[in-house]
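Student: Have a look at the structure that comes next, please.
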Amino acid sequence: MHVPVDSAHAPVSHDAASRPVKRVVVAGGGTAGWMTAAALSKTFGGVLDIVLVESEEIGTVGVGEATIPTMVTFHRLLDINEQAFMAATNATIKLGIAFEHWRSLGHRYIHSFGTTGKDHWTAGFQHFWLSARQRGIARDYGDYCLELRAAEESRFAHLPRGGMNYAFHLDAGLYAKFLRAFSERHGARRIEGRIVEVKADREAGWISALRLADGSEIEGDLFIDCSGLRGLLIGDTLGVEYEDWSHWLFSDSAMAVQTATVRPPIPYTRSVAGEAGWQWRIPLQHRVGNGIVFSSRHMDDDAARAALLGSVEGEVLTEPRVIRFRPGQRRATWRGNCVAIGLSGGFLEPLESTNIHLIQRGVIRLLQTFPHVIAQSDIDEYNRQAEEEITQIRDFVILHYHVTQRDDTAYWRACRDLDIPQSLRHKIRLFAETGRVFRHLNELFAENSWVQVMLGQGIVPERHHPIADSMSDAELSDFLERIRTGVDHTVSRLPSHADYLREYCARPAAQA
Ligand code: FAD
């Protein structure tokens with residue numbers, strides 16, 4: 001159980017807390033560090049002194065290449081030109097994720113962005129589809145979703161009025177470079193150097209400066225810990241504990257490898273379930289990102305490497321490297337004058353590509369609660385929202401593992417036997433008995449996501465809303481056919497994804 005640090009436990013008590021926040025120090029220059037610096041400099045560039053420290057010697061985690069549609073919003077908030085961003089990061093379009101072998105060996109479904117069919121205010125589209133299915137007049141659920149059909153046909157175009165929901169696959173290293181240039185243009189300063197000491201009053205939760213290997217010190221009023229999995233400031237220095245979720249999410253290891261492109265890029269991520277985890281495949285314009293996420297309790301590194309290299313296509317461009325992690329979150333992501341954003345604050349395996357989204361949410365929330373002087377009420381609210389967000393996503397990720405018919409390995413049997421969180425148990429039961437899904441206030445994944453994954457993983461609701469039965473067979477059939485033919489018509493007029501990329505954002509050959 002997560003216990004937010006509230007005013008009763010650890011109030012802001014340091015003398016420096018009464019000083020206005022003028023100097024912000026970002027520790028770390030991975031995706032988290034540069035997204036933070038970009039948003040801060042764009043918003044407060046003329047007012048705050050923003051410094052980012054990173055160490056080329058240490059490097060970044062170097063993965064994190066699939067995103068969700070909220071990134072489009074982030075770029076709009078920052079006024080980032082999408083074509084320039086896509087060209088600079090060799091990005092492709094992502095319309096969803098194909099889950100292969102997750103429900104059972106040989107089974108496949110797509111969790112796509114966007115909506116499926118049309119809802120009635122009393123009942124989601126799934127109720128009408130379930131009624132039609134019972135009457136033998138429904139096609140596949142995905143046939144009523146534009147993004148899903150476009151993904152299957154490998155087509156894409158920007159449609160008027162946001163008619164197609166999309167996200168990106170991107171090169172993480174190039175994205176950090178792109179955001180670095182953006183941040184520097186808006187006044188952020190970068191300092192190269194290894195942090196060897198964090199000067200702090202640990203009891204008060206107060207950091208005063210970072211000392212670098214060359215002996216220099218960087219003082220600040222607010223410190224953003226973007227130092228990656230280790231959590232140099234929030235964990236090592238301030239001692240904020242980490243809540244471990246590995247009893248629900250067994251994966252604790254990953255291996256990533258890049259390969260040459262051998263076919264036109266598809267506009268979706270592939271997630272292929274294996275013996276003790278799963279593998280991703282992410283097509284970029286210039287190469288493909290591949291990886292395996294696995295449980296070291298159920299598979300050793302050699303077996304993981306063999307599974308990964310045995311399934312990739314195209315020339316292997318990099319040496320596979322192992323990354324260890326612990327699923328979970330910090331018990332507080334903001335403590336004193338330190339805010340943890342990115343891997344330092346928590347980690348959920350990339351099954352639904354949600355970590356960059358969590359970075360983005362952390363940054364936006366920081367800007368929304370940005371202090372004149374640091375106040376405990378801001379800290380409490382920040383931590384409350386952060387905990388709620390990651391917990392809801394955690395449940396969604398566990399769903400994929402737990403609701404499965406697979407029992408071919410000890411790993412999958414353990415997933416099926418999981419004692420899942422009560423919040424998720426309720427959601428699954430509600431859907432299984434009634435077909436209903438309700439989105440919690442600010443929950444990231446909307447009804448359509450839950451329905452697609454619950455149906456995809458094999459839950460067939462026992463009942464549906466009676467409103468759907470009030471339509472005659474002819475009315476229901478007509479309703480569904482109008483949606484389906486509308487989707488088909490739109491998809492048939494879209495260009496291929498590869499052609500669209502060439503027109504919209506191909507990277508000049510000299511930079512590729
Ligand atoms: P890092 O990239 O590790 O950056 C840490 C920074 O801190 C570096 O610049 C480093 O040099 C610096 N640093 C550390 N210590 C010091 C020091 N002592 N002195 C100076 N500098 C220091 N997310 C998604 O949204 N989609 C995905 O598809 C996805 N896939 C993933 C796959 C795997 C296997 C893993 C592990 C993660 C994945 N993620 C994904 C998460 C994503 O990679 C991260 O959220 C993202 O890269 C942010 O990382 P970061 O910036 O917090 O940390």
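Here, A, B, ... name the chains of the structure tokens in the order displayed, residue numbers run from 1 inside each chain, and ligands are numbered from 1 in the same displayed order.
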With DSSP run on the backbone, what are the alpha helix (DSSP H) residues within range 167-308 of chain A? I'd like them as a list of chain:residue names.
Tutor: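 Of range 167-308 of chain A, the ones in alpha helix (DSSP H) are A:Ala172, A:Gly173, A:Leu174, A:Tyr175, A:Ala176, A:Lys177, A:Phe178, A:Leu179, A:Arg180, A:Ala181, A:Phe182, A:Ser183, A:Glu184, A:Arg185, A:Asp301, A:Asp302, A:Ala303, A:Ala304, A:Arg305, A:Ala306, A:Ala307, A:Leu308.
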Student: Could you pull the residues within 7 Å of range 28-40 of chain A, counting only C-alpha atoms, minus those fewer than 6 positions along the same chain, as a VMD selection string?
Tutor: chain A and resid 52 to 54 60 78 172 176 179 to 180 182 to 183 188 226 to 227 341 to 342 359 363
Student: How would the residues just chosen look if you wrote them out with C-alpha atoms as a CSV table (one decimal), in the first residue's frame?
Tutor:
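Final file, result-v9.csv:
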chain,number,residue,atom,x,y,z
A,52,LEU,CA,20.7,20.3,-16.7
A,53,VAL,CA,23.6,18.1,-15.6
A,54,GLU,CA,24.3,14.9,-17.5
A,60,THR,CA,21.2,6.8,-20.7
A,78,LEU,CA,5.3,23.1,-26.2
A,172,ALA,CA,15.1,7.6,-27.9
A,176,ALA,CA,16.9,13.5,-26.3
A,179,LEU,CA,14.8,18.2,-27.0
A,180,ARG,CA,18.3,19.4,-25.9
A,182,PHE,CA,14.9,22.9,-28.1
A,183,SER,CA,15.7,23.5,-24.4
A,188,ALA,CA,18.3,26.0,-20.5
A,226,CYS,CA,16.0,12.5,-13.7
A,227,SER,CA,19.0,10.2,-12.9
A,341,ILE,CA,10.6,12.3,-12.8
A,342,GLY,CA,11.2,9.3,-15.1
A,359,ILE,CA,7.3,11.5,-17.5
A,363,VAL,CA,6.4,17.5,-16.0
Student: Do a neighbour search on Asp417 in chain A at 10 Å with only C-alpha atoms, toss out local chain neighbours closer than 6 positions, and write the hits as a ChimeraX atom specification.
Tutor: /A:402-403,411
Student: Within 8 Å of range 491-508 of chain A, counting only C-alpha atoms, which residues show up once you throw out same-chain ones fewer than 2 positions away? Write them as an MDAnalysis selection string, please.
Tutor: chainID A and resid 83:84 86:88 90 92:93 146 149:150 153:157 264:267 285 487:489 510:512
Student: Would you please extract all strand (DSSP E or B) residues from range 82-330 of chain A, as assigned by DSSP on the backbone, and give them as a PyMOL selection string?
Tutor: chain A and resi 92-94+96-100+108-112+120+123+155+167-169+189-192+195-201+206-212+217-219+222-225+242-244+253-260+269-273+277-283+287-294+316+321-324+328-330
Student: Any idea what the distance is between CA of Ala260 in chain A and CA of Val312 in chain A?
Tutor: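 If I compute the distance from CA of Ala260 in chain A to CA of Val312 in chain A, I get 9.7 Å.
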Student: Between A:Gly277, A:Val316, A:Val51, A:Arg103, which one has atoms that come closest to Glu184 in chain A, using only C-alpha atoms?
Tutor: A:Val51
Student: Which polymer residues have any atom within 12 Å of an atom of Thr67 in chain A, counting only C-alpha atoms, with same-chain residues fewer than 6 positions away left out, as an mmCIF file with all heavy atoms, in the first residue's frame?
Tutor:
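The resulting result25.cif:
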data_model
loop_
_atom_site.group_PDB
_atom_site.id
_atom_site.type_symbol
_atom_site.label_atom_id
_atom_site.label_comp_id
_atom_site.auth_asym_id
_atom_site.auth_seq_id
_atom_site.Cartn_x
_atom_site.Cartn_y
_atom_site.Cartn_z
ATOM 1 N N THR A 73 -0.219 15.690 -27.581
ATOM 2 C CA THR A 73 -0.648 16.837 -26.762
ATOM 3 C C THR A 73 0.562 17.545 -26.157
ATOM 4 O O THR A 73 0.629 18.775 -26.133
ATOM 5 C CB THR A 73 -1.557 16.342 -25.613
ATOM 6 O OG1 THR A 73 -2.496 15.430 -26.141
ATOM 7 C CG2 THR A 73 -2.249 17.482 -24.913
ATOM 8 N N PHE A 74 1.510 16.756 -25.660
ATOM 9 C CA PHE A 74 2.715 17.347 -25.053
ATOM 10 C C PHE A 74 3.424 18.256 -26.055
ATOM 11 O O PHE A 74 3.805 19.375 -25.745
ATOM 12 C CB PHE A 74 3.642 16.212 -24.590
ATOM 13 C CG PHE A 74 4.863 16.676 -23.851
ATOM 14 C CD1 PHE A 74 4.762 17.225 -22.582
ATOM 15 C CD2 PHE A 74 6.130 16.566 -24.416
ATOM 16 C CE1 PHE A 74 5.897 17.654 -21.882
ATOM 17 C CE2 PHE A 74 7.269 16.985 -23.727
ATOM 18 C CZ PHE A 74 7.137 17.530 -22.455
ATOM 19 N N ALA A 91 11.017 9.050 -36.630
ATOM 20 C CA ALA A 91 9.798 8.491 -36.042
ATOM 21 C C ALA A 91 8.875 7.874 -37.090
ATOM 22 O O ALA A 91 8.892 8.258 -38.270
ATOM 23 C CB ALA A 91 9.058 9.588 -35.289
ATOM 24 N N THR A 92 8.085 6.930 -36.644
ATOM 25 C CA THR A 92 6.984 6.389 -37.435
ATOM 26 C C THR A 92 5.701 6.574 -36.623
ATOM 27 O O THR A 92 5.752 6.982 -35.468
ATOM 28 C CB THR A 92 7.181 4.893 -37.744
ATOM 29 O OG1 THR A 92 7.240 4.181 -36.501
ATOM 30 C CG2 THR A 92 8.464 4.635 -38.525
ATOM 31 N N ILE A 93 4.595 6.254 -37.260
ATOM 32 C CA ILE A 93 3.298 6.398 -36.596
ATOM 33 C C ILE A 93 2.957 5.103 -35.853
ATOM 34 O O ILE A 93 3.246 4.006 -36.321
ATOM 35 C CB ILE A 93 2.199 6.710 -37.639
ATOM 36 C CG1 ILE A 93 2.436 8.097 -38.268
ATOM 37 C CG2 ILE A 93 0.798 6.598 -37.051
ATOM 38 C CD1 ILE A 93 2.227 9.279 -37.340
ATOM 39 N N LYS A 94 2.322 5.270 -34.701
ATOM 40 C CA LYS A 94 1.833 4.107 -33.950
ATOM 41 C C LYS A 94 0.332 4.269 -33.729
ATOM 42 O O LYS A 94 -0.111 5.295 -33.202
ATOM 43 C CB LYS A 94 2.570 4.032 -32.608
ATOM 44 C CG LYS A 94 2.030 2.944 -31.709
ATOM 45 C CD LYS A 94 2.776 2.860 -30.392
ATOM 46 C CE LYS A 94 2.021 1.982 -29.417
ATOM 47 N NZ LYS A 94 2.562 2.007 -28.054
ATOM 48 N N LEU A 95 -0.425 3.252 -34.149
ATOM 49 C CA LEU A 95 -1.890 3.298 -33.989
ATOM 50 C C LEU A 95 -2.372 2.322 -32.914
ATOM 51 O O LEU A 95 -3.571 2.255 -32.634
ATOM 52 C CB LEU A 95 -2.580 2.971 -35.322
ATOM 53 C CG LEU A 95 -2.327 3.971 -36.457
ATOM 54 C CD1 LEU A 95 -2.877 3.447 -37.785
ATOM 55 C CD2 LEU A 95 -2.952 5.317 -36.133
ATOM 56 N N GLY A 96 -1.454 1.562 -32.339
ATOM 57 C CA GLY A 96 -1.854 0.613 -31.299
ATOM 58 C C GLY A 96 -0.783 -0.437 -31.107
ATOM 59 O O GLY A 96 0.362 -0.274 -31.572
ATOM 60 N N ILE A 97 -1.152 -1.488 -30.397
ATOM 61 C CA ILE A 97 -0.207 -2.580 -30.121
ATOM 62 C C ILE A 97 -0.883 -3.901 -30.488
ATOM 63 O O ILE A 97 -2.037 -4.140 -30.095
ATOM 64 C CB ILE A 97 0.163 -2.642 -28.626
ATOM 65 C CG1 ILE A 97 0.722 -1.294 -28.149
ATOM 66 C CG2 ILE A 97 1.149 -3.774 -28.341
ATOM 67 C CD1 ILE A 97 0.960 -1.218 -26.633
ATOM 68 N N PHE A 113 -5.582 2.707 -30.534
ATOM 69 C CA PHE A 113 -5.999 3.991 -29.992
ATOM 70 C C PHE A 113 -7.362 4.335 -30.596
ATOM 71 O O PHE A 113 -7.772 3.753 -31.578
ATOM 72 C CB PHE A 113 -4.985 5.071 -30.346
ATOM 73 C CG PHE A 113 -3.573 4.722 -29.901
ATOM 74 C CD1 PHE A 113 -2.486 4.943 -30.738
ATOM 75 C CD2 PHE A 113 -3.351 4.169 -28.652
ATOM 76 C CE1 PHE A 113 -1.201 4.638 -30.327
ATOM 77 C CE2 PHE A 113 -2.064 3.848 -28.236
ATOM 78 C CZ PHE A 113 -0.992 4.074 -29.075
ATOM 79 N N TYR A 166 -3.338 8.884 -32.857
ATOM 80 C CA TYR A 166 -2.061 8.234 -33.149
ATOM 81 C C TYR A 166 -1.014 8.649 -32.131
ATOM 82 O O TYR A 166 -1.169 9.627 -31.399
ATOM 83 C CB TYR A 166 -1.580 8.608 -34.568
ATOM 84 C CG TYR A 166 -1.318 10.087 -34.728
ATOM 85 C CD1 TYR A 166 -0.039 10.610 -34.544
ATOM 86 C CD2 TYR A 166 -2.352 10.971 -35.025
ATOM 87 C CE1 TYR A 166 0.202 11.978 -34.671
ATOM 88 C CE2 TYR A 166 -2.118 12.333 -35.148
ATOM 89 C CZ TYR A 166 -0.847 12.832 -34.962
ATOM 90 O OH TYR A 166 -0.622 14.181 -35.073
ATOM 91 N N ALA A 167 0.059 7.876 -32.124
ATOM 92 C CA ALA A 167 1.240 8.209 -31.311
ATOM 93 C C ALA A 167 2.448 7.947 -32.203
ATOM 94 O O ALA A 167 2.302 7.844 -33.434
ATOM 95 C CB ALA A 167 1.271 7.361 -30.053
ATOM 96 N N PHE A 168 3.622 7.811 -31.584
ATOM 97 C CA PHE A 168 4.840 7.644 -32.383
ATOM 98 C C PHE A 168 5.694 6.494 -31.876
ATOM 99 O O PHE A 168 5.679 6.155 -30.700
ATOM 100 C CB PHE A 168 5.713 8.916 -32.297
ATOM 101 C CG PHE A 168 4.966 10.181 -32.521
ATOM 102 C CD1 PHE A 168 4.595 10.982 -31.451
ATOM 103 C CD2 PHE A 168 4.611 10.575 -33.806
ATOM 104 C CE1 PHE A 168 3.885 12.154 -31.657
ATOM 105 C CE2 PHE A 168 3.911 11.757 -34.020
ATOM 106 C CZ PHE A 168 3.546 12.546 -32.940
ATOM 107 N N HIS A 169 6.474 5.940 -32.809
ATOM 108 C CA HIS A 169 7.668 5.176 -32.455
ATOM 109 C C HIS A 169 8.830 6.130 -32.742
ATOM 110 O O HIS A 169 8.843 6.767 -33.804
ATOM 111 C CB HIS A 169 7.835 3.946 -33.358
ATOM 112 C CG HIS A 169 6.703 2.974 -33.298
ATOM 113 N ND1 HIS A 169 6.018 2.544 -34.417
ATOM 114 C CD2 HIS A 169 6.151 2.314 -32.256
ATOM 115 C CE1 HIS A 169 5.098 1.656 -34.073
ATOM 116 N NE2 HIS A 169 5.147 1.505 -32.758
ATOM 117 N N LEU A 170 9.782 6.227 -31.849
ATOM 118 C CA LEU A 170 10.864 7.193 -32.057
ATOM 119 C C LEU A 170 12.191 6.627 -31.571
ATOM 120 O O LEU A 170 12.220 5.678 -30.790
ATOM 121 C CB LEU A 170 10.535 8.504 -31.331
ATOM 122 C CG LEU A 170 10.185 8.413 -29.838
ATOM 123 C CD1 LEU A 170 11.420 8.428 -28.975
ATOM 124 C CD2 LEU A 170 9.268 9.567 -29.454
ATOM 125 N N ASP A 171 13.257 7.243 -32.042
ATOM 126 C CA ASP A 171 14.594 6.876 -31.582
ATOM 127 C C ASP A 171 14.882 7.682 -30.309
ATOM 128 O O ASP A 171 14.962 8.913 -30.347
ATOM 129 C CB ASP A 171 15.612 7.213 -32.687
ATOM 130 C CG ASP A 171 17.027 6.832 -32.312
ATOM 131 O OD1 ASP A 171 17.453 7.166 -31.185
ATOM 132 O OD2 ASP A 171 17.712 6.213 -33.147
ATOM 133 N N ALA A 172 15.022 6.965 -29.177
ATOM 134 C CA ALA A 172 15.124 7.643 -27.878
ATOM 135 C C ALA A 172 16.352 8.563 -27.814
ATOM 136 O O ALA A 172 16.273 9.675 -27.278
ATOM 137 C CB ALA A 172 15.187 6.610 -26.757
ATOM 138 N N PRO A 267 2.434 0.553 -38.802
ATOM 139 C CA PRO A 267 2.087 1.612 -37.843
ATOM 140 C C PRO A 267 1.569 1.052 -36.515
ATOM 141 O O PRO A 267 0.554 1.531 -36.001
ATOM 142 C CB PRO A 267 1.008 2.410 -38.583
ATOM 143 C CG PRO A 267 0.344 1.407 -39.457
ATOM 144 C CD PRO A 267 1.367 0.358 -39.800
ATOM 145 N N TYR A 268 2.191 0.058 -35.987
ATOM 146 C CA TYR A 268 1.841 -0.415 -34.644
ATOM 147 C C TYR A 268 3.016 -1.184 -34.057
ATOM 148 O O TYR A 268 3.915 -1.625 -34.775
ATOM 149 C CB TYR A 268 0.562 -1.278 -34.647
ATOM 150 C CG TYR A 268 0.589 -2.508 -35.521
ATOM 151 C CD1 TYR A 268 1.045 -3.725 -35.022
ATOM 152 C CD2 TYR A 268 0.147 -2.470 -36.835
ATOM 153 C CE1 TYR A 268 1.060 -4.864 -35.814
ATOM 154 C CE2 TYR A 268 0.158 -3.590 -37.641
ATOM 155 C CZ TYR A 268 0.611 -4.788 -37.126
ATOM 156 O OH TYR A 268 0.632 -5.915 -37.914
ATOM 157 N N THR A 269 3.011 -1.289 -32.734
ATOM 158 C CA THR A 269 4.049 -2.032 -32.023
ATOM 159 C C THR A 269 3.610 -3.492 -31.951
ATOM 160 O O THR A 269 2.421 -3.768 -31.792
ATOM 161 C CB THR A 269 4.181 -1.502 -30.572
ATOM 162 O OG1 THR A 269 4.366 -0.093 -30.603
ATOM 163 C CG2 THR A 269 5.347 -2.143 -29.848
ATOM 164 N N ILE A 282 9.611 -2.632 -32.633
ATOM 165 C CA ILE A 282 9.209 -1.244 -32.869
ATOM 166 C C ILE A 282 9.877 -0.754 -34.149
ATOM 167 O O ILE A 282 11.100 -0.560 -34.184
ATOM 168 C CB ILE A 282 9.635 -0.359 -31.668
ATOM 169 C CG1 ILE A 282 8.920 -0.820 -30.391
ATOM 170 C CG2 ILE A 282 9.353 1.110 -31.953
ATOM 171 C CD1 ILE A 282 9.358 -0.098 -29.123
ATOM 172 N N PRO A 350 7.347 -1.835 -20.157
ATOM 173 C CA PRO A 350 6.817 -1.058 -21.289
ATOM 174 C C PRO A 350 5.678 -1.719 -22.069
ATOM 175 O O PRO A 350 5.444 -1.368 -23.215
ATOM 176 C CB PRO A 350 8.052 -0.895 -22.172
ATOM 177 C CG PRO A 350 8.926 -2.047 -21.841
ATOM 178 C CD PRO A 350 8.703 -2.357 -20.402
ATOM 179 N N LEU A 351 4.948 -2.625 -21.454
ATOM 180 C CA LEU A 351 3.910 -3.375 -22.175
ATOM 181 C C LEU A 351 2.890 -2.468 -22.856
ATOM 182 O O LEU A 351 2.455 -2.730 -23.974
ATOM 183 C CB LEU A 351 3.194 -4.314 -21.192
ATOM 184 C CG LEU A 351 2.209 -5.289 -21.793
ATOM 185 C CD1 LEU A 351 2.881 -6.217 -22.782
ATOM 186 C CD2 LEU A 351 1.517 -6.098 -20.702
ATOM 187 N N GLU A 352 2.483 -1.389 -22.197
ATOM 188 C CA GLU A 352 1.537 -0.446 -22.804
ATOM 189 C C GLU A 352 2.211 0.907 -23.059
ATOM 190 O O GLU A 352 1.539 1.925 -23.190
ATOM 191 C CB GLU A 352 0.290 -0.296 -21.928
ATOM 192 C CG GLU A 352 -0.677 -1.486 -22.012
ATOM 193 C CD GLU A 352 -1.503 -1.504 -23.313
ATOM 194 O OE1 GLU A 352 -1.402 -0.553 -24.094
ATOM 195 O OE2 GLU A 352 -2.234 -2.492 -23.523
ATOM 196 N N SER A 353 3.532 0.912 -23.122
ATOM 197 C CA SER A 353 4.303 2.115 -23.496
ATOM 198 C C SER A 353 3.916 3.336 -22.666
ATOM 199 O O SER A 353 3.674 4.415 -23.218
ATOM 200 C CB SER A 353 4.094 2.452 -24.982
ATOM 201 O OG SER A 353 4.025 1.319 -25.768
ATOM 202 N N THR A 354 3.904 3.193 -21.358
ATOM 203 C CA THR A 354 3.347 4.262 -20.530
ATOM 204 C C THR A 354 4.384 5.091 -19.776
ATOM 205 O O THR A 354 4.020 6.060 -19.120
ATOM 206 C CB THR A 354 2.363 3.662 -19.506
ATOM 207 O OG1 THR A 354 2.928 2.469 -18.959
ATOM 208 C CG2 THR A 354 1.041 3.352 -20.158
ATOM 209 N N ASN A 355 5.667 4.733 -19.848
ATOM 210 C CA ASN A 355 6.636 5.472 -19.027
ATOM 211 C C ASN A 355 6.888 6.892 -19.518
ATOM 212 O O ASN A 355 7.003 7.812 -18.710
ATOM 213 C CB ASN A 355 7.953 4.696 -18.937
ATOM 214 C CG ASN A 355 7.812 3.513 -17.997
ATOM 215 O OD1 ASN A 355 7.657 3.693 -16.799
ATOM 216 N ND2 ASN A 355 7.808 2.316 -18.534
ATOM 217 N N ILE A 356 6.969 7.050 -20.821
ATOM 218 C CA ILE A 356 7.177 8.414 -21.330
ATOM 219 C C ILE A 356 5.938 9.263 -21.005
ATOM 220 O O ILE A 356 6.042 10.438 -20.663
ATOM 221 C CB ILE A 356 7.507 8.403 -22.839
ATOM 222 C CG1 ILE A 356 8.858 7.700 -23.053
ATOM 223 C CG2 ILE A 356 7.557 9.824 -23.403
ATOM 224 C CD1 ILE A 356 9.274 7.515 -24.497
ATOM 225 N N HIS A 357 4.777 8.618 -21.066
ATOM 226 C CA HIS A 357 3.558 9.333 -20.663
ATOM 227 C C HIS A 357 3.653 9.762 -19.197
ATOM 228 O O HIS A 357 3.280 10.892 -18.844
ATOM 229 C CB HIS A 357 2.335 8.432 -20.861
ATOM 230 C CG HIS A 357 1.118 8.944 -20.154
ATOM 231 N ND1 HIS A 357 0.321 9.941 -20.669
ATOM 232 C CD2 HIS A 357 0.596 8.647 -18.934
ATOM 233 C CE1 HIS A 357 -0.644 10.229 -19.813
ATOM 234 N NE2 HIS A 357 -0.505 9.459 -18.755
ATOM 235 N N LEU A 358 4.164 8.877 -18.338
ATOM 236 C CA LEU A 358 4.276 9.235 -16.910
ATOM 237 C C LEU A 358 5.281 10.370 -16.711
ATOM 238 O O LEU A 358 5.101 11.222 -15.840
ATOM 239 C CB LEU A 358 4.659 8.004 -16.079
ATOM 240 C CG LEU A 358 3.513 6.994 -15.888
ATOM 241 C CD1 LEU A 358 4.029 5.680 -15.317
ATOM 242 C CD2 LEU A 358 2.418 7.562 -14.981
ATOM 243 N N ILE A 359 6.325 10.402 -17.528
ATOM 244 C CA ILE A 359 7.272 11.529 -17.479
ATOM 245 C C ILE A 359 6.522 12.822 -17.810
ATOM 246 O O ILE A 359 6.591 13.822 -17.106
ATOM 247 C CB ILE A 359 8.416 11.342 -18.502
ATOM 248 C CG1 ILE A 359 9.282 10.145 -18.127
ATOM 249 C CG2 ILE A 359 9.262 12.616 -18.620
ATOM 250 C CD1 ILE A 359 10.312 9.778 -19.191
ATOM 251 N N GLN A 360 5.794 12.733 -18.922
ATOM 252 C CA GLN A 360 5.050 13.896 -19.392
ATOM 253 C C GLN A 360 4.066 14.385 -18.331
ATOM 254 O O GLN A 360 3.938 15.574 -18.075
ATOM 255 C CB GLN A 360 4.333 13.462 -20.671
ATOM 256 C CG GLN A 360 3.305 14.392 -21.172
ATOM 257 C CD GLN A 360 2.654 13.807 -22.413
ATOM 258 O OE1 GLN A 360 3.233 12.979 -23.116
ATOM 259 N NE2 GLN A 360 1.442 14.220 -22.688
#
Student: With a distance cut-off of 10 Å and only C-alpha atoms, select the neighbouring residues of Val196 in chain A, excluding the residue or stretch itself and same-chain residues fewer than 5 positions from it, and output the selection as an NGL selection string.
Tutor: :A and (210-215 or 232)
Student: For N, CA and C atoms, I'd like the residues from the last selection saved as an mmCIF file, in the first residue's frame.
Tutor:
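What ended up in out_19.cif:
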data_model
loop_
_atom_site.group_PDB
_atom_site.id
_atom_site.type_symbol
_atom_site.label_atom_id
_atom_site.label_comp_id
_atom_site.auth_asym_id
_atom_site.auth_seq_id
_atom_site.Cartn_x
_atom_site.Cartn_y
_atom_site.Cartn_z
ATOM 1 N N LEU A 210 24.717 20.033 -6.077
ATOM 2 C CA LEU A 210 25.320 18.820 -6.634
ATOM 3 C C LEU A 210 26.805 19.099 -6.809
ATOM 4 N N ARG A 211 27.649 18.177 -6.341
ATOM 5 C CA ARG A 211 29.084 18.352 -6.569
ATOM 6 C C ARG A 211 29.505 17.426 -7.696
ATOM 7 N N LEU A 212 30.232 17.960 -8.664
ATOM 8 C CA LEU A 212 30.650 17.177 -9.828
ATOM 9 C C LEU A 212 32.084 16.674 -9.662
ATOM 10 N N ALA A 213 32.444 15.722 -10.513
ATOM 11 C CA ALA A 213 33.776 15.102 -10.411
ATOM 12 C C ALA A 213 34.903 16.124 -10.524
ATOM 13 N N ASP A 214 34.671 17.210 -11.261
ATOM 14 C CA ASP A 214 35.737 18.220 -11.402
ATOM 15 C C ASP A 214 35.795 19.171 -10.202
ATOM 16 N N GLY A 215 34.959 18.913 -9.197
ATOM 17 C CA GLY A 215 35.000 19.711 -7.973
ATOM 18 C C GLY A 215 34.016 20.873 -7.959
ATOM 19 N N LEU A 232 19.341 8.841 -7.829
ATOM 20 C CA LEU A 232 20.498 9.370 -7.094
ATOM 21 C C LEU A 232 20.093 10.379 -6.011
#
Student: Compile a residue-level contact table for range 36-135 of chain A against range 447-451 of chain A at a cut-off of 8 Å, reporting for every qualifying residue the shortest atom pair and its distance in Å to one decimal, with only C-alpha atoms counted, rows ordered by chain and ascending number, as JSON lines.
Tutor:
{"residue": "A:His111", "atom": "CA", "partner": "A:Ser449", "partner_atom": "CA", "distance": 6.6}
{"residue": "A:Ser112", "atom": "CA", "partner": "A:Ser449", "partner_atom": "CA", "distance": 7.5}
{"residue": "A:Phe113", "atom": "CA", "partner": "A:Ser449", "partner_atom": "CA", "distance": 7.6}
{"residue": "A:Gly114", "atom": "CA", "partner": "A:Asn448", "partner_atom": "CA", "distance": 7.7}
{"residue": "A:Thr115", "atom": "CA", "partner": "A:Asn448", "partner_atom": "CA", "distance": 6.0}
{"residue": "A:Thr116", "atom": "CA", "partner": "A:Asn448", "partner_atom": "CA", "distance": 6.7}
{"residue": "A:Gln126", "atom": "CA", "partner": "A:Val451", "partner_atom": "CA", "distance": 7.5}
Student: Dump N, CA, C and O atoms for the selected residues as a compact mmCIF listing (two decimals), in the first residue's frame?
Tutor:
# COMPACT_ATOMS: atom_id res chain seq x y z
N HIS A 111 -4.80 -3.85 -29.51
CA HIS A 111 -5.31 -2.77 -28.66
C HIS A 111 -4.96 -1.49 -29.40
O HIS A 111 -3.79 -1.10 -29.45
N SER A 112 -5.99 -0.86 -29.99
CA SER A 112 -5.70 0.32 -30.80
C SER A 112 -6.11 1.58 -30.07
O SER A 112 -6.88 1.54 -29.11
N PHE A 113 -5.58 2.71 -30.53
CA PHE A 113 -6.00 3.99 -29.99
C PHE A 113 -7.36 4.34 -30.60
O PHE A 113 -7.77 3.75 -31.58
N GLY A 114 -8.01 5.34 -30.03
CA GLY A 114 -9.27 5.79 -30.62
C GLY A 114 -10.47 5.11 -30.00
O GLY A 114 -10.39 4.55 -28.91
N THR A 115 -11.56 5.16 -30.71
CA THR A 115 -12.80 4.58 -30.19
C THR A 115 -13.27 3.47 -31.13
O THR A 115 -12.89 3.43 -32.30
N THR A 116 -14.09 2.59 -30.58
CA THR A 116 -14.68 1.55 -31.41
C THR A 116 -16.18 1.82 -31.48
O THR A 116 -16.82 2.00 -30.44
N GLN A 126 -19.78 -1.62 -26.78
CA GLN A 126 -19.61 -3.07 -26.62
C GLN A 126 -20.93 -3.77 -26.32
O GLN A 126 -21.12 -4.93 -26.67
